[in-house]
Amino acid sequence: MTPPTALVTGASRGLGAALAAALAARGWRLVVDARDAGRLAGTVAGLPAPDRVTAVPGDVADPAHRAALAAAVGDRLDLLVNNASDLGPTPLPRLADLPPADLERVLAVNTVAPLALVQAVLPALERAGGTVVSVSSDAAVEAYPGWGGYGASKAALDRLTAVLAVEHPGLRVYAVDPGDMATDMHRAAAPDDEDLPDPEDVVPAFLRLLDDPPPGGRLRAADLLLVEARR
Ligand SMILES: NC(=O)c1ccc[n+]([C@@H]2O[C@H](COP(=O)([O-])OP(=O)(O)OC[C@H]3O[C@@H](n4cnc5c(N)ncnc54)[C@H](OP(=O)(O)O)[C@@H]3O)[C@@H](O)[C@H]2O)c1
């Protein structure tokens with residue numbers, strides 16, 4: 001039987017790497033990316049069955065790279081996880097000090113690229129009746145000083161995701177806030193935060209979207225994990 005296929009962006013470390021490992025352990029075929037080719041190759045080498053993983057190094061904001069991802073996916077795609085994300089400049093500046101070029105870059109990576117990737121793989125997703133997951137953030141809905149550019153990009157991603165869900169009832173489309181995790185991104189934003197969950201702790205929330213799919217919409221991983229714990 002042909003294994004299901006997932007495309008996970010930003011899979012060389014953090015949440016993307018943890019998701020890729022969990023899907024690979026379930027026997028999925030994977031297409032993964034990240035900009036740092038060496039680090040991506042190292043992560044793929046450590047996955048179960050690396051021969052079922054296609055690594056396509058590149059930047060999700062680059063249209064040619066997105067076309068290469070779509071080509072690697074092929075005819076059927078069961079799961080797209082738009083996980084790669086740009087935090088913007090650190091230390092996180094107030095909006096008054098956020099250079100417009102940095103905001104444009106954050107929007108290009110976090111908002112425009114995920115939609116463009118959905119567009120690039122839409123026939124393959126529709127053929128499989130697939131699932132789209134946009135990795136969001138609480139910064140999309142809360143006004144934290146310094147998080148305005150990133151938060152705006154995730155709020156716009158949430159809106160795109162919600163509209164995609166109603167425009168494509170044959171797909172399952174979710175925006176998921178994973179909550180705070182001990183990753184490079186979080187360390188860059190808030191170096192003093194301690195005792196955060198590892199991304200691996202959050203993965204069961206994402207797997208639940210596959211195993212027992214809730215209605216599409218904006219979800220918090222913490223809520224999905226609570227439901228999982230009660231089962
Ligand atoms: N960590 C948290 O506390 C937290 C909280 C809420 C939401 N989130 C969200 O969770 C998701 C994962 O975050 P994380 O904390 O795991 O991040 P991370 O540790 O910084 O990892 C980011 C991954 O994305 C890749 N990446 C970054 N920019 C890319 C680009 N332009 N094109 C392709 N790949 C790119 C990185 O590799 P390269 O650098 O080599 O490209 C890396 O593999 C993000 O959507 C983030 O917004 C995180």
# chains A, B, ... in the order shown; residues from 1 in each chain; ligands from 1
$ residues_around --residues "Asp158 of chain A" --least-positions-apart "3" --cutoff "10 Å" --atoms "only C-alpha atoms" --output "number ranges by chain"
A: 111, 134-137, 140-141, 152-155, 161-164, 174-177, 217-218
$ closest_atom_pairs --of "chain A" --to "ligand 1" --cutoff "6 Å" --atoms "only C-alpha atoms and all ligand atoms" --output "Markdown table"
| residue | atom | partner | partner_atom_place_in_ligand_line | distance |
| --- | --- | --- | --- | --- |
| A:Thr9 | CA | ligand 1 | 34 (N) | 5.9 |
| A:Gly10 | CA | ligand 1 | 24 (O) | 3.1 |
| A:Ala11 | CA | ligand 1 | 43 (O) | 4.5 |
| A:Ser12 | CA | ligand 1 | 43 (O) | 3.8 |
| A:Arg13 | CA | ligand 1 | 43 (O) | 4.5 |
| A:Gly14 | CA | ligand 1 | 16 (O) | 3.4 |
| A:Leu15 | CA | ligand 1 | 16 (O) | 3.8 |
| A:Gly16 | CA | ligand 1 | 16 (O) | 5.8 |
| A:Asp33 | CA | ligand 1 | 33 (C) | 5.8 |
| A:Ala34 | CA | ligand 1 | 34 (N) | 3.5 |
| A:Arg35 | CA | ligand 1 | 41 (O) | 3.6 |
| A:Asp36 | CA | ligand 1 | 40 (O) | 3.7 |
| A:Gly58 | CA | ligand 1 | 33 (C) | 5.8 |
| A:Asp59 | CA | ligand 1 | 32 (N) | 3.5 |
| A:Val60 | CA | ligand 1 | 32 (N) | 4.0 |
| A:Ala61 | CA | ligand 1 | 31 (N) | 5.8 |
| A:Asn83 | CA | ligand 1 | 45 (O) | 4.3 |
| A:Ala84 | CA | ligand 1 | 24 (O) | 3.8 |
| A:Ser85 | CA | ligand 1 | 45 (O) | 4.5 |
| A:Asp86 | CA | ligand 1 | 28 (N) | 5.3 |
| A:Val109 | CA | ligand 1 | 31 (N) | 5.4 |
| A:Val135 | CA | ligand 1 | 45 (O) | 4.7 |
| A:Ser136 | CA | ligand 1 | 7 (C) | 5.5 |
| A:Ser137 | CA | ligand 1 | 7 (C) | 4.1 |
| A:Asp177 | CA | ligand 1 | 7 (C) | 5.9 |
| A:Pro178 | CA | ligand 1 | 6 (C) | 5.4 |
| A:Gly179 | CA | ligand 1 | 5 (C) | 4.9 |
| A:Asp180 | CA | ligand 1 | 3 (O) | 3.4 |
| A:Met181 | CA | ligand 1 | 3 (O) | 3.9 |
| A:Ala182 | CA | ligand 1 | 1 (N) | 6.0 |
| A:Thr183 | CA | ligand 1 | 19 (O) | 4.4 |
| A:Asp184 | CA | ligand 1 | 19 (O) | 4.2 |
| A:Met185 | CA | ligand 1 | 20 (O) | 3.8 |
| A:His186 | CA | ligand 1 | 1 (N) | 4.4 |
$ residues_around --residues "Leu224 of chain A" --least-positions-apart "4" --cutoff "9 Å" --atoms "only C-alpha atoms" --output "PyMOL selection string"
chain A and resi 204-206+208-209+219-220+228-229
$ write_last_selection --atoms "C-alpha atoms" --output "CSV table (one decimal), in the first residue's frame"
chain,number,residue,atom,x,y,z
A,204,PRO,CA,0.2,14.5,20.0
A,205,ALA,CA,-2.1,17.5,19.6
A,206,PHE,CA,-1.2,17.6,15.9
A,208,ARG,CA,-5.0,14.0,16.9
A,209,LEU,CA,-6.0,16.1,13.9
A,219,LEU,CA,-7.4,25.4,17.6
A,220,ARG,CA,-5.1,25.5,20.6
A,228,GLU,CA,-6.4,13.5,24.5
A,229,ALA,CA,-5.6,13.2,28.2
$ residues_around --residues "Arg52 of chain A" --least-positions-apart "5" --cutoff "9 Å" --atoms "only C-alpha atoms" --output "mmCIF file with N, CA, C and O atoms, in the first residue's frame"
data_model
loop_
_atom_site.group_PDB
_atom_site.id
_atom_site.type_symbol
_atom_site.label_atom_id
_atom_site.label_comp_id
_atom_site.auth_asym_id
_atom_site.auth_seq_id
_atom_site.Cartn_x
_atom_site.Cartn_y
_atom_site.Cartn_z
ATOM 1 N N ALA A 24 7.176 10.145 10.383
ATOM 2 C CA ALA A 24 8.065 9.112 9.836
ATOM 3 C C ALA A 24 7.921 7.820 10.631
ATOM 4 O O ALA A 24 7.907 6.723 10.053
ATOM 5 N N GLY A 27 5.282 5.716 9.448
ATOM 6 C CA GLY A 27 5.426 5.151 8.107
ATOM 7 C C GLY A 27 5.068 6.089 6.972
ATOM 8 O O GLY A 27 4.958 5.668 5.823
ATOM 9 N N TRP A 28 4.888 7.386 7.291
ATOM 10 C CA TRP A 28 4.534 8.343 6.240
ATOM 11 C C TRP A 28 5.732 8.605 5.328
ATOM 12 O O TRP A 28 6.886 8.560 5.759
ATOM 13 N N ARG A 29 5.430 8.955 4.080
ATOM 14 C CA ARG A 29 6.429 9.530 3.176
ATOM 15 C C ARG A 29 6.452 11.026 3.442
ATOM 16 O O ARG A 29 5.384 11.645 3.635
ATOM 17 N N LEU A 30 7.630 11.602 3.484
ATOM 18 C CA LEU A 30 7.740 13.014 3.853
ATOM 19 C C LEU A 30 8.477 13.817 2.794
ATOM 20 O O LEU A 30 9.444 13.340 2.200
ATOM 21 N N VAL A 31 8.018 15.042 2.601
ATOM 22 C CA VAL A 31 8.786 16.059 1.886
ATOM 23 C C VAL A 31 9.009 17.177 2.898
ATOM 24 O O VAL A 31 8.044 17.639 3.527
#
$ select_by_dssp --residues "segment 70-201 of chain A" --states "strand (DSSP E or B)" --output "ChimeraX atom specification"
/A:79-82,131-135,172-177
$ atom_distance --atom1 "atom CA of Val73 of chain A" --atom2 "atom CA of Ala116 of chain A"
14.9 Å
$ residues_around --residues "Glu104 of chain A" --least-positions-apart "2" --cutoff "12 Å" --atoms "only C-alpha atoms" --output "list in words"
Ala61, Asp86, Leu87, Gly88, Pro89, Leu98, Pro99, Pro100, Ala101, Asp102, Val106, Leu107, Ala108, Val109, Asn110, Thr111, Val112, Ala113, Gly149, Tyr150, Ala152 and Ser153 of chain A
$ write_last_selection --atoms "all heavy atoms" --output "short mmCIF file (atom, residue, chain, number, x, y, z; two decimals), in the first residue's frame"
data_model
loop_
_atom_site.label_atom_id
_atom_site.label_comp_id
_atom_site.auth_asym_id
_atom_site.auth_seq_id
_atom_site.Cartn_x
_atom_site.Cartn_y
_atom_site.Cartn_z
N ALA A 61 9.71 31.49 1.05
CA ALA A 61 9.31 32.75 0.40
C ALA A 61 9.74 32.81 -1.07
O ALA A 61 9.39 33.76 -1.78
CB ALA A 61 9.91 33.94 1.17
N ASP A 86 9.10 33.12 10.43
CA ASP A 86 10.13 34.13 10.67
C ASP A 86 9.65 35.03 11.81
O ASP A 86 8.54 35.56 11.78
CB ASP A 86 10.33 34.95 9.39
CG ASP A 86 11.61 35.76 9.42
OD1 ASP A 86 11.85 36.46 10.42
OD2 ASP A 86 12.36 35.71 8.43
N LEU A 87 10.51 35.17 12.80
CA LEU A 87 10.16 35.97 13.98
C LEU A 87 10.34 37.46 13.74
O LEU A 87 9.73 38.29 14.42
CB LEU A 87 11.08 35.51 15.12
CG LEU A 87 10.92 36.06 16.51
CD1 LEU A 87 9.52 35.74 17.05
CD2 LEU A 87 11.99 35.46 17.43
N GLY A 88 11.20 37.81 12.76
CA GLY A 88 11.55 39.22 12.58
C GLY A 88 12.76 39.56 13.43
O GLY A 88 13.38 38.68 14.03
N PRO A 89 13.10 40.85 13.49
CA PRO A 89 14.32 41.23 14.21
C PRO A 89 14.19 40.98 15.71
O PRO A 89 13.10 41.09 16.27
CB PRO A 89 14.46 42.73 13.92
CG PRO A 89 13.13 43.19 13.41
CD PRO A 89 12.40 41.99 12.88
N LEU A 98 9.89 49.08 14.17
CA LEU A 98 9.98 47.91 13.27
C LEU A 98 10.22 48.40 11.84
O LEU A 98 9.34 49.04 11.24
CB LEU A 98 8.68 47.09 13.33
CG LEU A 98 8.59 45.88 12.40
CD1 LEU A 98 9.68 44.85 12.69
CD2 LEU A 98 7.21 45.23 12.49
N PRO A 99 11.40 48.10 11.28
CA PRO A 99 11.66 48.54 9.90
C PRO A 99 10.64 47.91 8.94
O PRO A 99 10.41 46.69 8.99
CB PRO A 99 13.08 48.03 9.61
CG PRO A 99 13.70 47.84 10.96
CD PRO A 99 12.57 47.42 11.87
N PRO A 100 10.01 48.70 8.08
CA PRO A 100 9.02 48.14 7.14
C PRO A 100 9.56 46.96 6.34
O PRO A 100 8.82 46.01 6.07
CB PRO A 100 8.67 49.33 6.26
CG PRO A 100 8.88 50.53 7.15
CD PRO A 100 10.07 50.17 8.00
N ALA A 101 10.83 46.99 5.98
CA ALA A 101 11.37 45.87 5.19
C ALA A 101 11.34 44.57 6.01
O ALA A 101 11.11 43.48 5.47
CB ALA A 101 12.79 46.17 4.74
N ASP A 102 11.57 44.68 7.33
CA ASP A 102 11.50 43.49 8.18
C ASP A 102 10.07 42.98 8.29
O ASP A 102 9.82 41.78 8.30
CB ASP A 102 12.07 43.79 9.58
CG ASP A 102 13.59 43.92 9.56
OD1 ASP A 102 14.23 43.26 8.73
OD2 ASP A 102 14.13 44.69 10.37
N VAL A 106 8.62 39.25 7.23
CA VAL A 106 7.82 38.41 8.13
C VAL A 106 6.51 38.01 7.45
O VAL A 106 6.09 36.85 7.50
CB VAL A 106 7.58 39.14 9.47
CG1 VAL A 106 6.51 38.47 10.29
CG2 VAL A 106 8.89 39.23 10.27
N LEU A 107 5.88 38.98 6.80
CA LEU A 107 4.62 38.68 6.11
C LEU A 107 4.86 37.73 4.93
O LEU A 107 4.05 36.83 4.67
CB LEU A 107 3.96 39.97 5.62
CG LEU A 107 3.43 40.89 6.74
CD1 LEU A 107 3.07 42.26 6.16
CD2 LEU A 107 2.20 40.27 7.40
N ALA A 108 5.98 37.91 4.23
CA ALA A 108 6.28 37.04 3.08
C ALA A 108 6.42 35.59 3.52
O ALA A 108 5.92 34.67 2.86
CB ALA A 108 7.55 37.51 2.37
N VAL A 109 7.13 35.37 4.63
CA VAL A 109 7.38 33.99 5.09
C VAL A 109 6.17 33.40 5.81
O VAL A 109 5.79 32.25 5.57
CB VAL A 109 8.62 33.96 6.03
CG1 VAL A 109 8.81 32.57 6.64
CG2 VAL A 109 9.87 34.39 5.28
N ASN A 110 5.56 34.18 6.70
CA ASN A 110 4.55 33.62 7.61
C ASN A 110 3.13 33.64 7.02
O ASN A 110 2.27 32.89 7.50
CB ASN A 110 4.52 34.41 8.92
CG ASN A 110 5.83 34.36 9.66
OD1 ASN A 110 6.79 33.75 9.20
ND2 ASN A 110 5.89 35.01 10.81
N THR A 111 2.88 34.50 6.04
CA THR A 111 1.51 34.68 5.56
C THR A 111 1.39 34.37 4.07
O THR A 111 0.55 33.56 3.67
CB THR A 111 1.05 36.15 5.81
OG1 THR A 111 1.39 36.51 7.14
CG2 THR A 111 -0.44 36.28 5.61
N VAL A 112 2.24 35.02 3.26
CA VAL A 112 2.11 34.85 1.81
C VAL A 112 2.56 33.45 1.38
O VAL A 112 1.88 32.77 0.60
CB VAL A 112 2.91 35.94 1.05
CG1 VAL A 112 2.84 35.74 -0.45
CG2 VAL A 112 2.40 37.33 1.44
N ALA A 113 3.72 33.01 1.91
CA ALA A 113 4.25 31.71 1.49
C ALA A 113 3.31 30.55 1.83
O ALA A 113 3.10 29.66 0.98
CB ALA A 113 5.64 31.48 2.10
N GLY A 149 4.57 42.73 14.59
CA GLY A 149 4.76 42.29 13.21
C GLY A 149 4.48 40.80 13.05
O GLY A 149 3.68 40.39 12.20
N TYR A 150 5.12 40.02 13.89
CA TYR A 150 4.91 38.55 13.87
C TYR A 150 3.44 38.23 14.14
O TYR A 150 2.83 37.40 13.45
CB TYR A 150 5.83 37.94 14.92
CG TYR A 150 5.63 36.47 15.22
CD1 TYR A 150 6.31 35.50 14.49
CD2 TYR A 150 4.79 36.06 16.26
CE1 TYR A 150 6.14 34.15 14.80
CE2 TYR A 150 4.63 34.72 16.57
CZ TYR A 150 5.31 33.76 15.83
OH TYR A 150 5.14 32.43 16.14
N ALA A 152 0.80 40.08 13.68
CA ALA A 152 -0.05 40.47 12.54
C ALA A 152 0.06 39.43 11.42
O ALA A 152 -0.94 39.09 10.78
CB ALA A 152 0.38 41.85 12.03
N SER A 153 1.26 38.89 11.23
CA SER A 153 1.43 37.88 10.17
C SER A 153 0.65 36.62 10.50
O SER A 153 0.07 35.98 9.62
CB SER A 153 2.92 37.56 9.98
OG SER A 153 3.41 36.73 11.02
#
$ residues_around --residues "Ala189 of chain A" --least-positions-apart "5" --cutoff "8 Å" --atoms "only C-alpha atoms" --output "ChimeraX atom specification"
/A:87,90-92
$ residues_around --residues "Leu171 of chain A" --least-positions-apart "6" --cutoff "8 Å" --atoms "only C-alpha atoms" --output "JSON, numbers by chain"
{"A": [125, 126, 129, 130, 131, 132, 165]}
$ select_by_dssp --residues "segment 13-77 of chain A" --states "helix (DSSP H, G or I)" --output "PyMOL selection string"
chain A and resi 14-25+37-45+50-52+63-73
$ write_last_selection --atoms "C-alpha atoms" --output "compact mmCIF listing (two decimals), in the first residue's frame"
# COMPACT_ATOMS: atom_id res chain seq x y z
CA GLY A 14 11.95 22.65 16.62
CA LEU A 15 8.31 21.71 16.09
CA GLY A 16 8.77 20.86 12.40
CA ALA A 17 11.48 18.30 13.18
CA ALA A 18 9.37 16.78 15.97
CA LEU A 19 6.35 16.48 13.65
CA ALA A 20 8.48 14.97 10.90
CA ALA A 21 9.87 12.38 13.33
CA ALA A 22 6.38 11.40 14.54
CA LEU A 23 5.01 11.06 11.00
CA ALA A 24 8.06 9.11 9.84
CA ALA A 25 7.61 6.74 12.79
CA ALA A 37 20.70 22.34 3.76
CA GLY A 38 23.34 20.75 6.00
CA ARG A 39 21.22 20.92 9.11
CA LEU A 40 18.18 19.61 7.23
CA ALA A 41 20.20 16.67 5.90
CA GLY A 42 21.40 15.87 9.44
CA THR A 43 17.84 15.88 10.77
CA VAL A 44 16.58 13.68 7.93
CA ALA A 45 19.42 11.20 8.50
CA PRO A 50 15.18 8.36 5.80
CA ASP A 51 14.76 6.74 2.35
CA ARG A 52 11.08 7.72 2.53
CA PRO A 63 8.47 30.82 -5.63
CA ALA A 64 10.99 28.52 -7.37
CA HIS A 65 11.55 26.64 -4.10
CA ARG A 66 7.79 26.23 -3.60
CA ALA A 67 7.53 24.81 -7.13
CA ALA A 68 10.31 22.33 -6.26
CA LEU A 69 8.39 21.29 -3.12
CA ALA A 70 5.22 20.74 -5.15
CA ALA A 71 7.17 18.68 -7.70
CA ALA A 72 8.64 16.53 -4.91
CA VAL A 73 5.16 15.94 -3.49
$ atom_distance --atom1 "atom CA of Leu115 of chain A" --atom2 "atom CA of Leu157 of chain A"
8.2 Å
